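As structure tokens, the structure follows; a few thoughts come after it.
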Amino acid sequence: MSNSFFLNCILSFLCMLLLSCATAPVDRHKDNVYYFEGKNEWANMASDFRYPIELEKRIEEFLGIPYLWGGNDRDGMDCSAFAKQAYELYGVDLPRTSILQSKHGMRIPRHALLPGDLVFFGDTEKDSVTHVGIYMGKNKFANATTSHGIKYSGLDEPAWLAKYLYAKRLKL
């Protein structure tokens with residue numbers, strides 16, 4: 001009976017040891033890039049994200065403003081000036097260029113995009129940012145285009161799809 005008891009103790013210990021190894025925490029911040037395994041985790045995070053209707057109203061104030069590289073007012077502005085001014089509504093002081101803006105926020109996968117997220121485009125081979133827009137939901141984003149000024153575009157339009165790099169979510 002003592003051998004059986006001893007054997008059961010050892011087996012119990014081994015089971016506990018195996019279970020504790022199987023539930024060890026996973027490092028999700030590898031190389032400062034955030035990775036979430038499933039949509040449920042993104043949904044939980046999304047509940048903390050505030051996207052009042054004011055952002056959409058704010059963006060509509062900019063629609064139709066002509067594109068002007070380096071421009072920063074209603075006479076003309078570029079993509080990063082547009083993103084910077086739109087986010088001033090929330091007291092967020094974004095840097096002036098899309099490259100510097102891309103250094104802020106948490107990187108998120110495309111399937112987890114929410115209205116208000118910044119979407120970045122550029123040279124996909126070099127992962128270099130050349131353009132920024134603000135995601136508005138339903139696969140559309142607001143941005144400053146050289147041909148039509150500030151307008152809504154589709155993420156699945158061939159020109160944008162080919163240049164899509166990643167998205168960032170800013171903490172408001």
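Naming scheme: A, B, ... for chains in displayed order of the structure tokens; residues 1 onward per chain; ligands 1 onward as shown.
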Spatial neighbours of Glu60 (chain A), max dist 10 Å, only C-alpha atoms, sep filter under 3 positions, as a list in words: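 Result of the neighbour search: Glu54, Leu55, Glu56, Lys57, Leu63, Gly64, Ala86, Ala142, Ile150, Lys151 and Tyr152 of chain A.
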Near-Asn139 (chain A) list (12 Å; only C-alpha atoms; drop same-chain fewer than 6 positions) as number ranges by chain: A: 110-115, 117, 119, 152-157, 160-161
For Asp78 (chain A), work out the shell of residues within 7 Å, counting only C-alpha atoms and skipping chain neighbours fewer than 5 positions away, then give it as a ChimeraX atom specification. /A:67-71,144
I need the residue nearest Ala162 (chain A) from this list: A:Gly122, A:Gly137, A:Gly105, A:Gly149. Use only C-alpha atoms for the distance.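 So, comparing all the options, the nearest one is A:Gly122.
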Which polymer residues have any atom within 8 Å of an atom of Ser102 (chain A), counting only C-alpha atoms, with same-chain residues fewer than 5 positions away left out, as a ChimeraX atom specification? /A:120,129,168
Could those selected residues go to a file with N, CA and C atoms, as a PDB file, in the first residue's frame?
```pdb
ATOM      1  N   PHE A 120      -0.892  53.113 -42.344  1.00  0.00           N
ATOM      2  CA  PHE A 120       0.337  53.586 -42.978  1.00  0.00           C
ATOM      3  C   PHE A 120       0.610  52.827 -44.271  1.00  0.00           C
ATOM      4  N   VAL A 129       7.640  54.156 -44.531  1.00  0.00           N
ATOM      5  CA  VAL A 129       6.376  54.889 -44.543  1.00  0.00           C
ATOM      6  C   VAL A 129       6.486  56.122 -45.431  1.00  0.00           C
ATOM      7  N   LYS A 168      -1.679  51.523 -36.697  1.00  0.00           N
ATOM      8  CA  LYS A 168      -1.325  51.808 -35.306  1.00  0.00           C
ATOM      9  C   LYS A 168      -2.568  52.352 -34.593  1.00  0.00           C
TER      10      LYS A 168
END
```
CA of His148 (chain A) to CA of Ile108 (chain A), distance in Å rounded to a single decimal: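 We find that CA of His148 (chain A) and CA of Ile108 (chain A) lie 28.3 Å from each other.
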Restricting the calculation to only C-alpha atoms, which member of A:Gln101, A:Ile59, A:Val132, A:Ile65 is positioned closest to Cys79 (chain A)?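 The answer is A:Val132, which sits nearest to Cys79 (chain A).
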Using Å and a single decimal, report how far CA of Met77 (chain A) sits from CA of Lys126 (chain A).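 We find that CA of Lys126 (chain A) and CA of Met77 (chain A) lie 25.9 Å from each other.
For the pair CA of Gly116 (chain A) and CA of Tyr135 (chain A), the separation is 5.4 Å.
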Using only C-alpha atoms: which of A:Phe121, A:Asp127, A:Gly76, A:Met136 has the shortest distance to Tyr164 (chain A):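 Counting only C-alpha atoms, the residue closest to Tyr164 (chain A) is A:Phe121.
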Write out as a PyMOL selection string all residues of region 119-171 of chain A that DSSP puts in helix (DSSP H, G or I) for this structure's backbone. chain A and resi 158-163
Include C-alpha atoms and write out the residues we just selected as a PDB file, in the first residue's frame.
```
ATOM      1  CA  PRO A 158      -5.440  48.288 -55.854  1.00  0.00           C
ATOM      2  CA  ALA A 159      -3.142  51.297 -55.381  1.00  0.00           C
ATOM      3  CA  TRP A 160      -3.635  51.325 -51.595  1.00  0.00           C
ATOM      4  CA  LEU A 161      -3.684  47.566 -51.185  1.00  0.00           C
ATOM      5  CA  ALA A 162      -0.284  47.313 -52.859  1.00  0.00           C
ATOM      6  CA  LYS A 163       1.217  49.946 -50.540  1.00  0.00           C
TER       7      LYS A 163
END
```
Mind checking which residues fall within 12 Å of Val92 (chain A), counting only C-alpha atoms, ignoring those fewer than 6 positions away in the same chain, and posting them as a list of chain:residue names?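 Using only C-alpha atoms, the neighbours found are A:Ala83, A:Lys84, A:Gln85, A:Ala86, A:Gln101, A:His104, A:Gly105, A:Leu170, A:Lys171, A:Leu172.
The nearest approach to Ser128 (chain A) among the residues A:Lys103, A:Phe62, A:Phe82, A:Asn72, with only C-alpha atoms taken into account, belongs to A:Lys103.
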Region 67-153 of chain A: which residues are strand (DSSP E or B) by DSSP, as number ranges by chain? A: 67, 72-73, 76-77, 106-108, 118-123, 128-137, 140-145, 149-153
